[in-house]
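K.L.:
Just coords-v8.pdb, nothing more (PDB, C-alpha atoms):
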ATOM      1  CA  MET A   1     127.159 -60.167  18.846
ATOM      2  CA  ILE A   2     129.918 -59.131  21.174
ATOM      3  CA  GLY A   3     131.910 -61.991  22.596
ATOM      4  CA  PHE A   4     131.149 -62.198  26.285
ATOM      5  CA  THR A   5     132.101 -65.235  28.244
ATOM      6  CA  SER A   6     133.159 -66.212  31.720
ATOM      7  CA  PRO A   7     133.172 -69.498  33.584
ATOM      8  CA  TYR A   8     130.940 -67.829  36.167
ATOM      9  CA  PHE A   9     128.057 -67.745  33.675
ATOM     10  CA  TRP A  10     128.608 -71.426  33.170
ATOM     11  CA  TYR A  11     128.606 -72.109  36.918
ATOM     12  CA  SER A  12     125.466 -69.977  37.290
ATOM     13  CA  THR A  13     123.682 -71.908  34.559
ATOM     14  CA  ARG A  14     124.488 -75.209  36.199
ATOM     15  CA  VAL A  15     123.665 -74.295  39.768
ATOM     16  CA  THR A  16     120.426 -72.442  38.950
ATOM     17  CA  GLY A  17     119.344 -75.321  36.717
ATOM     18  CA  PHE A  18     119.813 -77.699  39.602
ATOM     19  CA  VAL A  19     118.099 -75.513  42.183
ATOM     20  CA  ALA A  20     115.243 -74.798  39.752
ATOM     21  CA  LEU A  21     114.641 -78.501  39.195
ATOM     22  CA  ILE A  22     114.530 -79.161  42.937
ATOM     23  CA  LEU A  23     112.199 -76.192  43.473
ATOM     24  CA  LEU A  24     109.907 -77.307  40.634
ATOM     25  CA  THR A  25     109.763 -80.738  42.251
ATOM     26  CA  VAL A  26     108.734 -79.260  45.591
ATOM     27  CA  VAL A  27     106.210 -76.884  43.960
ATOM     28  CA  LEU A  28     104.624 -79.698  41.937
ATOM     29  CA  VAL A  29     104.403 -82.027  44.942
ATOM     30  CA  MET A  30     102.859 -79.250  47.033
ATOM     31  CA  GLY A  31     100.320 -78.664  44.279
ATOM     32  CA  ILE A  32      99.410 -82.333  44.516
ATOM     33  CA  LEU A  33      99.119 -82.012  48.300
ATOM     34  CA  ILE A  34      96.697 -79.096  47.883
ATOM     35  CA  SER A  35      94.508 -80.936  45.384
ATOM     36  CA  THR A  36      94.414 -84.036  47.585
ATOM     37  CA  ARG A  37      93.416 -81.978  50.636
ATOM     38  CA  VAL A  38      96.434 -82.725  52.763
ATOM     39  CA  GLY A  39      96.771 -80.629  55.902
ATOM     40  CA  GLY A  40      94.387 -79.101  58.359
ATOM     41  CA  ARG A  41      95.861 -80.232  61.637
ATOM     42  CA  ARG A  42      99.595 -79.765  62.036
ATOM     43  CA  ILE A  43      99.835 -77.498  59.022
ATOM     44  CA  GLY A  44      96.998 -75.473  57.556
ATOM     45  CA  ARG A  45      95.808 -76.296  54.072
ATOM     46  CA  PHE A  46      96.030 -72.627  53.212
ATOM     47  CA  GLU A  47      99.644 -72.632  54.399
ATOM     48  CA  ILE A  48     100.575 -75.340  51.900
ATOM     49  CA  ASN A  49      98.863 -73.178  49.268
ATOM     50  CA  GLU A  50     100.846 -70.095  50.330
ATOM     51  CA  ILE A  51     104.174 -71.964  50.293
ATOM     52  CA  HIS A  52     103.248 -73.441  46.899
ATOM     53  CA  ARG A  53     102.734 -69.920  45.534
ATOM     54  CA  ALA A  54     105.836 -68.434  47.120
ATOM     55  CA  LEU A  55     108.121 -71.271  46.026
ATOM     56  CA  SER A  56     106.797 -71.159  42.469
ATOM     57  CA  MET A  57     107.862 -67.504  42.370
ATOM     58  CA  THR A  58     111.288 -68.494  43.658
ATOM     59  CA  ALA A  59     111.506 -71.258  41.054
ATOM     60  CA  MET A  60     110.681 -68.778  38.279
ATOM     61  CA  ILE A  61     113.486 -66.495  39.484
ATOM     62  CA  PHE A  62     115.978 -69.355  39.345
ATOM     63  CA  VAL A  63     114.766 -70.407  35.898
ATOM     64  CA  GLY A  64     115.105 -66.773  34.816
ATOM     65  CA  ILE A  65     118.735 -66.588  36.006
ATOM     66  CA  HIS A  66     119.373 -69.981  34.399
ATOM     67  CA  ILE A  67     118.216 -68.672  31.016
ATOM     68  CA  VAL A  68     119.919 -65.272  31.257
ATOM     69  CA  ALA A  69     123.255 -66.793  32.313
ATOM     70  CA  THR A  70     123.075 -69.265  29.432
ATOM     71  CA  VAL A  71     122.126 -66.778  26.723
ATOM     72  CA  VAL A  72     124.518 -64.022  27.849
ATOM     73  CA  ASP A  73     127.481 -66.402  27.781
ATOM     74  CA  THR A  74     128.737 -66.522  24.214
ATOM     75  CA  TYR A  75     130.963 -69.554  24.834
ATOM     76  CA  VAL A  76     128.184 -71.584  23.208
ATOM     77  CA  PRO A  77     125.768 -69.781  20.865
ATOM     78  CA  THR A  78     122.117 -69.907  21.951
ATOM     79  CA  GLY A  79     120.329 -66.575  21.472
ATOM     80  CA  TRP A  80     117.430 -64.831  23.220
ATOM     81  CA  ILE A  81     114.842 -66.211  20.813
ATOM     82  CA  SER A  82     115.711 -69.770  21.806
ATOM     83  CA  ALA A  83     114.508 -68.964  25.342
ATOM     84  CA  LEU A  84     110.961 -68.830  23.989
ATOM     85  CA  ILE A  85     110.876 -70.547  20.601
ATOM     86  CA  PRO A  86     112.083 -74.143  20.221
ATOM     87  CA  PHE A  87     114.579 -75.175  17.555
ATOM     88  CA  THR A  88     116.131 -71.749  17.189
ATOM     89  CA  SER A  89     119.362 -72.424  19.063
ATOM     90  CA  PRO A  90     122.405 -73.132  16.903
ATOM     91  CA  TYR A  91     123.922 -75.075  19.796
ATOM     92  CA  LYS A  92     122.390 -78.466  20.721
ATOM     93  CA  SER A  93     119.092 -77.467  19.195
ATOM     94  CA  LEU A  94     116.981 -80.381  20.407
ATOM     95  CA  ASP A  95     118.401 -80.502  23.950
ATOM     96  CA  ILE A  96     117.920 -76.765  24.445
ATOM     97  CA  SER A  97     114.443 -76.910  22.871
ATOM     98  CA  ILE A  98     113.181 -79.374  25.464
ATOM     99  CA  GLY A  99     114.122 -76.766  28.064
ATOM    100  CA  THR A 100     112.403 -74.095  25.965
ATOM    101  CA  VAL A 101     109.190 -76.125  25.911
ATOM    102  CA  ALA A 102     109.426 -76.601  29.691
ATOM    103  CA  PHE A 103     109.844 -72.837  30.109
ATOM    104  CA  ASP A 104     106.964 -71.980  27.765
ATOM    105  CA  LEU A 105     104.591 -74.269  29.652
ATOM    106  CA  MET A 106     105.876 -72.872  32.963
ATOM    107  CA  LEU A 107     105.253 -69.329  31.739
ATOM    108  CA  ALA A 108     101.680 -70.232  30.786
ATOM    109  CA  VAL A 109     101.024 -71.736  34.224
ATOM    110  CA  TRP A 110     102.724 -68.830  35.986
ATOM    111  CA  LEU A 111     101.006 -66.031  34.038
ATOM    112  CA  THR A 112      97.526 -67.552  34.314
ATOM    113  CA  SER A 113      98.108 -67.869  38.061
ATOM    114  CA  LEU A 114      99.211 -64.245  38.366
ATOM    115  CA  LEU A 115      95.982 -63.281  36.565
ATOM    116  CA  LYS A 116      93.956 -65.891  38.422
ATOM    117  CA  GLU A 117      91.350 -63.445  39.652
ATOM    118  CA  ARG A 118      90.594 -62.269  36.098
ATOM    119  CA  ILE A 119      90.569 -65.688  34.486
ATOM    120  CA  GLU A 120      87.773 -68.226  34.279
ATOM    121  CA  PRO A 121      88.669 -70.927  36.866
ATOM    122  CA  ARG A 122      88.156 -73.690  34.298
ATOM    123  CA  VAL A 123      90.722 -72.102  32.007
ATOM    124  CA  TRP A 124      93.170 -71.567  34.867
ATOM    125  CA  ARG A 125      92.779 -75.182  35.879
ATOM    126  CA  ALA A 126      93.170 -76.550  32.352
ATOM    127  CA  VAL A 127      96.392 -74.573  31.919
ATOM    128  CA  HIS A 128      97.612 -75.671  35.354
ATOM    129  CA  TRP A 129      97.664 -79.306  34.194
ATOM    130  CA  ALA A 130     100.565 -78.298  31.938
ATOM    131  CA  SER A 131     102.731 -78.292  35.100
ATOM    132  CA  TYR A 132     103.200 -82.033  34.743
ATOM    133  CA  ALA A 133     104.322 -81.729  31.123
ATOM    134  CA  SER A 134     106.580 -78.852  32.067
ATOM    135  CA  PHE A 135     108.247 -80.908  34.786
ATOM    136  CA  VAL A 136     108.772 -83.882  32.458
ATOM    137  CA  ALA A 137     110.317 -81.566  29.871
ATOM    138  CA  ALA A 138     112.507 -79.858  32.491
ATOM    139  CA  ALA A 139     113.768 -83.181  33.862
ATOM    140  CA  THR A 140     114.423 -84.471  30.341
ATOM    141  CA  HIS A 141     116.273 -81.250  29.516
ATOM    142  CA  ALA A 142     118.413 -81.752  32.640
ATOM    143  CA  PHE A 143     119.161 -85.316  31.610
ATOM    144  CA  VAL A 144     120.094 -84.680  27.987
ATOM    145  CA  ILE A 145     122.068 -81.459  28.339
ATOM    146  CA  GLY A 146     122.949 -81.197  32.036
ATOM    147  CA  THR A 147     126.647 -81.572  32.713
ATOM    148  CA  ASP A 148     126.346 -82.663  36.316
ATOM    149  CA  HIS A 149     124.096 -85.656  35.852
ATOM    150  CA  ARG A 150     127.241 -87.460  34.701
ATOM    151  CA  THR A 151     128.382 -87.354  38.303
ATOM    152  CA  HIS A 152     126.850 -89.749  40.796
ATOM    153  CA  TRP A 153     125.453 -87.031  43.043
ATOM    154  CA  GLY A 154     124.017 -85.140  40.086
ATOM    155  CA  LEU A 155     122.292 -88.191  38.729
ATOM    156  CA  ALA A 156     121.035 -89.016  42.230
ATOM    157  CA  VAL A 157     119.406 -85.575  42.605
ATOM    158  CA  LEU A 158     117.797 -85.807  39.169
ATOM    159  CA  ALA A 159     116.551 -89.355  39.766
ATOM    160  CA  GLY A 160     115.321 -88.343  43.231
ATOM    161  CA  CYS A 161     113.289 -85.439  41.820
ATOM    162  CA  VAL A 162     111.716 -87.618  39.134
ATOM    163  CA  ALA A 163     110.958 -90.383  41.652
ATOM    164  CA  VAL A 164     109.318 -87.992  44.126
ATOM    165  CA  VAL A 165     107.092 -86.462  41.438
ATOM    166  CA  ALA A 166     106.231 -89.889  40.007
ATOM    167  CA  LEU A 167     105.281 -91.230  43.448
ATOM    168  CA  ALA A 168     103.176 -88.187  44.279
ATOM    169  CA  THR A 169     101.420 -88.412  40.914
ATOM    170  CA  VAL A 170     100.634 -92.111  41.342
ATOM    171  CA  TRP A 171      99.391 -91.339  44.842
ATOM    172  CA  ARG A 172      97.162 -88.603  43.488
ATOM    173  CA  ILE A 173      95.707 -90.909  40.843
ATOM    174  CA  LEU A 174      95.267 -94.033  42.948
ATOM    175  CA  GLY A 175      95.235 -93.005  46.556
ATOM    176  CA  ARG A 176      93.206 -89.869  46.984
ATOM    177  CA  PRO A 177      90.314 -88.741  44.831
ATOM    178  CA  THR A 178      90.624 -85.064  43.933
ATOM    179  CA  ARG A 179      87.041 -84.361  43.112
ATOM    180  CA  ALA A 180      84.038 -84.936  45.264
ATOM    181  CA  ALA A 181      81.277 -87.005  43.751
ATOM    182  CA  GLY A 182      78.257 -84.741  44.077
ATOM    183  CA  ARG A 183      78.006 -83.628  47.645
ATOM    184  CA  THR A 184      79.846 -86.616  49.057
ATOM    185  CA  ALA A 185      82.470 -85.955  51.663
ATOM    186  CA  LEU A 186      86.026 -85.645  50.425
ATOM    187  CA  SER A 187      88.266 -85.425  53.463
ATOM    188  CA  PRO A 188      86.394 -82.429  54.858
ATOM    189  CA  LEU A 189      88.508 -80.142  57.000
ATOM    190  CA  GLN A 190      86.047 -80.575  59.830
ATOM    191  CA  GLY A 191      82.353 -81.027  60.098
ATOM    192  CA  PRO A 192      79.947 -79.965  62.812
ATOM    193  CA  SER A 193      79.039 -83.518  63.785
ATOM    194  CA  LYS A 194      81.809 -85.329  65.622
ATOM    195  CA  GLY A 195      81.233 -88.730  64.095
ATOM    196  CA  ALA A 196      81.150 -87.513  60.505
ATOM    197  CA  ARG A 197      84.114 -88.812  58.558
TER     198      ARG A 197
ATOM    199  CA  MET B   1      70.985 -38.791  54.423
ATOM    200  CA  ARG B   2      73.503 -41.282  55.591
ATOM    201  CA  ARG B   3      75.371 -43.840  53.542
ATOM    202  CA  THR B   4      76.611 -47.001  55.177
ATOM    203  CA  VAL B   5      78.773 -49.617  53.513
ATOM    204  CA  SER B   6      78.889 -53.205  54.617
ATOM    205  CA  PHE B   7      80.230 -56.443  53.214
ATOM    206  CA  ARG B   8      79.216 -60.051  52.954
ATOM    207  CA  LEU B   9      81.280 -63.055  51.889
ATOM    208  CA  VAL B  10      79.422 -65.182  49.332
ATOM    209  CA  VAL B  11      80.209 -68.559  47.832
ATOM    210  CA  ASP B  12      79.499 -69.865  44.355
ATOM    211  CA  PRO B  13      78.337 -73.411  45.169
ATOM    212  CA  ILE B  14      79.051 -74.610  41.622
ATOM    213  CA  ARG B  15      82.708 -73.659  41.863
ATOM    214  CA  CYS B  16      83.212 -74.765  45.472
ATOM    215  CA  ASP B  17      84.866 -78.147  45.918
ATOM    216  CA  GLY B  18      85.029 -78.148  49.700
ATOM    217  CA  PHE B  19      88.754 -77.556  50.130
ATOM    218  CA  GLY B  20      88.134 -75.875  53.468
ATOM    219  CA  HIS B  21      90.717 -73.115  53.034
ATOM    220  CA  CYS B  22      88.074 -70.475  53.775
ATOM    221  CA  LEU B  23      87.459 -71.904  57.234
ATOM    222  CA  GLU B  24      91.144 -71.587  58.033
ATOM    223  CA  LEU B  25      91.446 -68.090  56.599
ATOM    224  CA  ALA B  26      88.174 -66.558  57.787
ATOM    225  CA  PRO B  27      86.901 -68.647  60.715
ATOM    226  CA  GLU B  28      84.802 -65.674  61.874
ATOM    227  CA  LEU B  29      82.733 -65.799  58.694
ATOM    228  CA  VAL B  30      82.599 -69.512  57.857
ATOM    229  CA  THR B  31      81.200 -72.697  59.294
ATOM    230  CA  LEU B  32      81.310 -76.002  57.485
ATOM    231  CA  ASP B  33      78.444 -78.365  56.859
ATOM    232  CA  GLU B  34      78.953 -82.024  57.619
ATOM    233  CA  TRP B  35      80.369 -82.653  54.136
ATOM    234  CA  GLY B  36      82.977 -79.941  54.503
ATOM    235  CA  TYR B  37      81.289 -77.313  52.360
ATOM    236  CA  PRO B  38      81.118 -73.771  53.708
ATOM    237  CA  ILE B  39      78.100 -72.054  55.155
ATOM    238  CA  LEU B  40      78.856 -68.344  55.107
ATOM    239  CA  HIS B  41      77.442 -66.021  57.684
ATOM    240  CA  SER B  42      74.646 -64.180  55.946
ATOM    241  CA  GLU B  43      74.766 -61.185  58.282
ATOM    242  CA  PRO B  44      76.758 -58.383  56.567
ATOM    243  CA  PHE B  45      79.592 -56.829  58.547
ATOM    244  CA  PRO B  46      80.354 -53.093  58.520
ATOM    245  CA  GLN B  47      83.216 -51.616  56.534
ATOM    246  CA  SER B  48      84.680 -50.307  59.779
ATOM    247  CA  ASP B  49      85.453 -53.871  60.881
ATOM    248  CA  ARG B  50      88.938 -54.015  59.326
ATOM    249  CA  GLU B  51      89.747 -57.347  60.941
ATOM    250  CA  LEU B  52      86.796 -59.086  59.300
ATOM    251  CA  LEU B  53      87.425 -57.334  56.001
ATOM    252  CA  ARG B  54      91.011 -58.616  56.023
ATOM    253  CA  SER B  55      89.888 -62.161  56.804
ATOM    254  CA  ALA B  56      87.372 -61.994  53.988
ATOM    255  CA  HIS B  57      89.978 -60.760  51.510
ATOM    256  CA  LEU B  58      92.359 -63.549  52.547
ATOM    257  CA  ALA B  59      89.627 -66.137  52.050
ATOM    258  CA  VAL B  60      88.743 -64.770  48.600
ATOM    259  CA  ARG B  61      92.391 -64.800  47.549
ATOM    260  CA  GLY B  62      93.112 -68.171  49.117
ATOM    261  CA  CYS B  63      90.251 -70.159  47.642
ATOM    262  CA  PRO B  64      91.731 -72.780  45.293
ATOM    263  CA  ARG B  65      88.587 -72.730  43.152
ATOM    264  CA  GLN B  66      87.913 -68.983  43.020
ATOM    265  CA  ALA B  67      84.538 -69.725  44.558
ATOM    266  CA  LEU B  68      84.392 -66.837  47.008
ATOM    267  CA  SER B  69      83.586 -63.209  46.420
ATOM    268  CA  LEU B  70      83.075 -60.192  48.596
ATOM    269  CA  GLN B  71      79.711 -58.562  48.158
ATOM    270  CA  LYS B  72      79.524 -54.856  48.847
ATOM    271  CA  ILE B  73      76.250 -53.601  50.222
ATOM    272  CA  THR B  74      75.537 -49.904  50.220
ATOM    273  CA  ASN B  75      72.677 -48.666  52.326
ATOM    274  CA  VAL B  76      71.259 -45.197  52.131
ATOM    275  CA  GLN B  77      69.265 -44.160  55.129
ATOM    276  CA  GLU B  78      67.132 -41.093  55.025
ATOM    277  CA  ARG B  79      66.505 -39.326  58.213
TER     278      ARG B  79
END
Starting from the file, give its structure as structure tokens.
P.N.:
Amino acid sequence: MIGFTSPYFWYSTRVTGFVALILLTVVLVMGILISTRVGGRRIGRFEINEIHRALSMTAMIFVGIHIVATVVDTYVPTGWISALIPFTSPYKSLDISIGTVAFDLMLAVWLTSLLKERIEPRVWRAVHWASYASFVAAATHAFVIGTDHRTHWGLAVLAGCVAVVALATVWRILGRPTRAAGRTALSPLQGPSKGAR
Amino acid sequence: MRRTVSFRLVVDPIRCDGFGHCLELAPELVTLDEWGYPILHSEPFPQSDRELLRSAHLAVRGCPRQALSLQKITNVQER
């Protein structure tokens, strides 16, 4: 392999990792907002869905740059295979692999969503649950290998992302049911009868 | 002989979970029952109605449960 290194790859890896984590946080929280039927008055429910989709695309682009900048830079040896297969990186094998697992799960969620119209909804939904695991892996990856979490602001951003996702998840589990029991109302957008709630 | 094409938005009630996105995306074609589940207008609309066709496509694409589909109805009239 030809030696190819520049501090700009290193900066790119760090900044895209950070932005990707923040974007994944927002995308995951918006997914929770969709499933808990938030919206309908000041913001449309479909709008939250659209932003969720658009931001997940943006997140994938940042993750893509994050991986390319890391692999292309030969300052530390990683290799293209380690982007997809865990435990193949010569450098910090475990720490990189947690990121690899996060990316693999993300890819599964992303690809099934791109093919959503051709996929059985149950399958799409089952795969979509992997988003939580992907986020946990991504945040862990940031914590174990990220350079900037050693700074106060870096740690604050990472802790903030984890806290926001944790709160939203607890809220989803405890606060708002996500499936209607039979034909019972579950925060309907609006019904014909005024008193119906 | 004359061929006319029209469309109708249909819902799979098993898949539907009453998210209500279809009402926001295609209000011309959807009303909700009192539990928030959609009642779709059974009257087909003609292919020439691009506005309605666009709304219907948006609703199909926007449904979080893939419960909506666009039914194409082809009528052949002999005269």
K.L.:
Name every residue that the PyMOL selection byres ((chain B) within 9 of (chain A)) selects in this structure, writing the answer as a short mmCIF file (atom, residue, chain, number, x, y, z; two decimals) with C-alpha atoms, in the frame of the given file with chains first and numbers rising.
P.N.:
data_model
loop_
_atom_site.label_atom_id
_atom_site.label_comp_id
_atom_site.auth_asym_id
_atom_site.auth_seq_id
_atom_site.Cartn_x
_atom_site.Cartn_y
_atom_site.Cartn_z
CA ARG B 15 82.71 -73.66 41.86
CA ASP B 17 84.87 -78.15 45.92
CA GLY B 18 85.03 -78.15 49.70
CA PHE B 19 88.75 -77.56 50.13
CA GLY B 20 88.13 -75.88 53.47
CA HIS B 21 90.72 -73.11 53.03
CA CYS B 22 88.07 -70.47 53.78
CA LEU B 23 87.46 -71.90 57.23
CA GLU B 24 91.14 -71.59 58.03
CA LEU B 25 91.45 -68.09 56.60
CA THR B 31 81.20 -72.70 59.29
CA LEU B 32 81.31 -76.00 57.48
CA ASP B 33 78.44 -78.36 56.86
CA GLU B 34 78.95 -82.02 57.62
CA TRP B 35 80.37 -82.65 54.14
CA GLY B 36 82.98 -79.94 54.50
CA TYR B 37 81.29 -77.31 52.36
CA ARG B 61 92.39 -64.80 47.55
CA GLY B 62 93.11 -68.17 49.12
CA CYS B 63 90.25 -70.16 47.64
CA PRO B 64 91.73 -72.78 45.29
CA ARG B 65 88.59 -72.73 43.15
CA GLN B 66 87.91 -68.98 43.02
CA ALA B 67 84.54 -69.72 44.56
#
K.L.:
Give me the result of the PyMOL selection byres ((chain A and resi 126-139) around 7) on this file, residue by residue, as a PyMOL selection string.
P.N.:
chain A and resi 98-99+101-102+105-106+108-109+122-125+140-143
K.L.:
For the file shown, what are the residues hit by the PyMOL selection byres ((chain B and resi 5) around 9), laid out as a PDB file with C-alpha atoms, keeping the file's coordinate frame?
P.N.:
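Heads up, here's the output in expr.pdb:
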ATOM      1  CA  ARG B   3      75.371 -43.840  53.542  1.00  0.00           C
ATOM      2  CA  THR B   4      76.611 -47.001  55.177  1.00  0.00           C
ATOM      3  CA  SER B   6      78.889 -53.205  54.617  1.00  0.00           C
ATOM      4  CA  PHE B   7      80.230 -56.443  53.214  1.00  0.00           C
ATOM      5  CA  PHE B  45      79.592 -56.829  58.547  1.00  0.00           C
ATOM      6  CA  PRO B  46      80.354 -53.093  58.520  1.00  0.00           C
ATOM      7  CA  GLN B  47      83.216 -51.616  56.534  1.00  0.00           C
ATOM      8  CA  SER B  48      84.680 -50.307  59.779  1.00  0.00           C
ATOM      9  CA  LYS B  72      79.524 -54.856  48.847  1.00  0.00           C
ATOM     10  CA  ILE B  73      76.250 -53.601  50.222  1.00  0.00           C
ATOM     11  CA  THR B  74      75.537 -49.904  50.220  1.00  0.00           C
ATOM     12  CA  ASN B  75      72.677 -48.666  52.326  1.00  0.00           C
ATOM     13  CA  VAL B  76      71.259 -45.197  52.131  1.00  0.00           C
TER      14      VAL B  76
END
K.L.:
Provide the CA of Val68 (chain A) to CA of Trp10 (chain A) distance in Å, to one decimal place.
P.N.:
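So the two atoms, CA of Val68 (chain A) and CA of Trp10 (chain A), lie 10.8 Å apart.
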K.L.:
One decimal, Å: what's the distance from CA of Val15 (chain A) over to CA of Val29 (chain A), could you say?
P.N.:
21.4 Å
K.L.:
Ranking A:Leu23, A:Leu167, A:Phe9, A:Ala159 by minimum distance to Ile61 (chain A) and counting all atoms listed in the file, which one comes first?
P.N.:
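For Ile61 (chain A), the nearest of the candidates is A:Leu23.
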K.L.:
Taking all atoms of region 79-97 of chain A that appear in the file, build a box with edges along x, y and z, extend it by 8 Å on every side, and state its centre and edge lengths in Å to one decimal, as AutoDock Vina command-line options.
P.N.:
--center_x 117.4 --center_y -72.7 --center_z 21.1 --size_x 29.0 --size_y 31.7 --size_z 24.4
K.L.:
Please measure the separation of CA of Leu58 (chain B) and CA of Val30 (chain B), giving the value in Å to one decimal.
P.N.:
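Atom-to-atom, CA of Leu58 (chain B) to CA of Val30 (chain B), that is 12.6 Å.
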K.L.:
Of the candidates B:Pro13, B:Pro38, B:Pro27, B:Pro44, which one gets nearest to Gln71 (chain B) if we count all atoms listed in the file?
P.N.:
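Of B:Pro13, B:Pro38, B:Pro27, B:Pro44, the one nearest Gln71 (chain B), counting all atoms listed in the file, is B:Pro44.
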K.L.:
Pull the neighbourhood of (103.8, -67.6, 46.0) for me: all residues within 12 Å in file coordinates, counting all atoms listed in the file, as JSON, numbers by chain.
P.N.:
{"A": [27, 30, 31, 46, 47, 48, 49, 50, 51, 52, 53, 54, 55, 56, 57, 58, 59, 60, 61, 110, 113, 114], "B": [61, 62]}
K.L.:
Would you write out those residues with C-alpha atoms, as a tab-separated table (two decimals), in the frame of the given file?
P.N.:
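Written out: again_38.tsv:
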chain	number	residue	atom	x	y	z
A	27	VAL	CA	106.21	-76.88	43.96
A	30	MET	CA	102.86	-79.25	47.03
A	31	GLY	CA	100.32	-78.66	44.28
A	46	PHE	CA	96.03	-72.63	53.21
A	47	GLU	CA	99.64	-72.63	54.40
A	48	ILE	CA	100.58	-75.34	51.90
A	49	ASN	CA	98.86	-73.18	49.27
A	50	GLU	CA	100.85	-70.10	50.33
A	51	ILE	CA	104.17	-71.96	50.29
A	52	HIS	CA	103.25	-73.44	46.90
A	53	ARG	CA	102.73	-69.92	45.53
A	54	ALA	CA	105.84	-68.43	47.12
A	55	LEU	CA	108.12	-71.27	46.03
A	56	SER	CA	106.80	-71.16	42.47
A	57	MET	CA	107.86	-67.50	42.37
A	58	THR	CA	111.29	-68.49	43.66
A	59	ALA	CA	111.51	-71.26	41.05
A	60	MET	CA	110.68	-68.78	38.28
A	61	ILE	CA	113.49	-66.50	39.48
A	110	TRP	CA	102.72	-68.83	35.99
A	113	SER	CA	98.11	-67.87	38.06
A	114	LEU	CA	99.21	-64.24	38.37
B	61	ARG	CA	92.39	-64.80	47.55
B	62	GLY	CA	93.11	-68.17	49.12
K.L.:
Generate a file for region 38-49 of chain B, containing N, CA, C and O atoms, as a PDB file, in the first residue's frame.
P.N.:
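Result file out12.pdb:
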ATOM      1  N   PRO B  38     -58.033   5.381   8.820  1.00  0.00           N
ATOM      2  CA  PRO B  38     -58.529   6.047   7.614  1.00  0.00           C
ATOM      3  C   PRO B  38     -59.727   5.353   6.970  1.00  0.00           C
ATOM      4  O   PRO B  38     -59.831   4.120   6.949  1.00  0.00           O
ATOM      5  N   ILE B  39     -60.614   6.189   6.465  1.00  0.00           N
ATOM      6  CA  ILE B  39     -61.666   5.728   5.562  1.00  0.00           C
ATOM      7  C   ILE B  39     -61.324   6.365   4.221  1.00  0.00           C
ATOM      8  O   ILE B  39     -61.273   7.595   4.119  1.00  0.00           O
ATOM      9  N   LEU B  40     -61.036   5.528   3.227  1.00  0.00           N
ATOM     10  CA  LEU B  40     -60.615   6.080   1.941  1.00  0.00           C
ATOM     11  C   LEU B  40     -61.813   6.229   1.024  1.00  0.00           C
ATOM     12  O   LEU B  40     -62.723   5.394   1.027  1.00  0.00           O
ATOM     13  N   HIS B  41     -61.789   7.294   0.279  1.00  0.00           N
ATOM     14  CA  HIS B  41     -62.904   7.558  -0.630  1.00  0.00           C
ATOM     15  C   HIS B  41     -62.964   6.460  -1.695  1.00  0.00           C
ATOM     16  O   HIS B  41     -61.975   6.204  -2.381  1.00  0.00           O
ATOM     17  N   SER B  42     -64.089   5.803  -1.758  1.00  0.00           N
ATOM     18  CA  SER B  42     -64.202   4.626  -2.618  1.00  0.00           C
ATOM     19  C   SER B  42     -64.353   5.006  -4.094  1.00  0.00           C
ATOM     20  O   SER B  42     -64.055   4.211  -4.976  1.00  0.00           O
ATOM     21  N   GLU B  43     -64.793   6.225  -4.333  1.00  0.00           N
ATOM     22  CA  GLU B  43     -64.992   6.689  -5.709  1.00  0.00           C
ATOM     23  C   GLU B  43     -63.640   6.844  -6.425  1.00  0.00           C
ATOM     24  O   GLU B  43     -62.792   7.605  -5.979  1.00  0.00           O
ATOM     25  N   PRO B  44     -63.406   6.100  -7.522  1.00  0.00           N
ATOM     26  CA  PRO B  44     -62.125   6.253  -8.229  1.00  0.00           C
ATOM     27  C   PRO B  44     -62.012   7.642  -8.863  1.00  0.00           C
ATOM     28  O   PRO B  44     -63.026   8.252  -9.210  1.00  0.00           O
ATOM     29  N   PHE B  45     -60.774   8.122  -8.965  1.00  0.00           N
ATOM     30  CA  PHE B  45     -60.569   9.413  -9.628  1.00  0.00           C
ATOM     31  C   PHE B  45     -59.849   9.183 -10.949  1.00  0.00           C
ATOM     32  O   PHE B  45     -59.070   8.240 -11.084  1.00  0.00           O
ATOM     33  N   PRO B  46     -60.109  10.023 -11.946  1.00  0.00           N
ATOM     34  CA  PRO B  46     -59.521   9.787 -13.275  1.00  0.00           C
ATOM     35  C   PRO B  46     -58.023  10.077 -13.298  1.00  0.00           C
ATOM     36  O   PRO B  46     -57.515  10.859 -12.503  1.00  0.00           O
ATOM     37  N   GLN B  47     -57.349   9.401 -14.217  1.00  0.00           N
ATOM     38  CA  GLN B  47     -55.911   9.566 -14.386  1.00  0.00           C
ATOM     39  C   GLN B  47     -55.544  11.013 -14.692  1.00  0.00           C
ATOM     40  O   GLN B  47     -54.455  11.473 -14.362  1.00  0.00           O
ATOM     41  N   SER B  48     -56.478  11.719 -15.336  1.00  0.00           N
ATOM     42  CA  SER B  48     -56.197  13.101 -15.729  1.00  0.00           C
ATOM     43  C   SER B  48     -56.067  14.033 -14.529  1.00  0.00           C
ATOM     44  O   SER B  48     -55.497  15.112 -14.637  1.00  0.00           O
ATOM     45  N   ASP B  49     -56.571  13.593 -13.368  1.00  0.00           N
ATOM     46  CA  ASP B  49     -56.473  14.442 -12.174  1.00  0.00           C
ATOM     47  C   ASP B  49     -55.089  14.282 -11.534  1.00  0.00           C
ATOM     48  O   ASP B  49     -54.888  13.499 -10.617  1.00  0.00           O
TER      49      ASP B  49
END
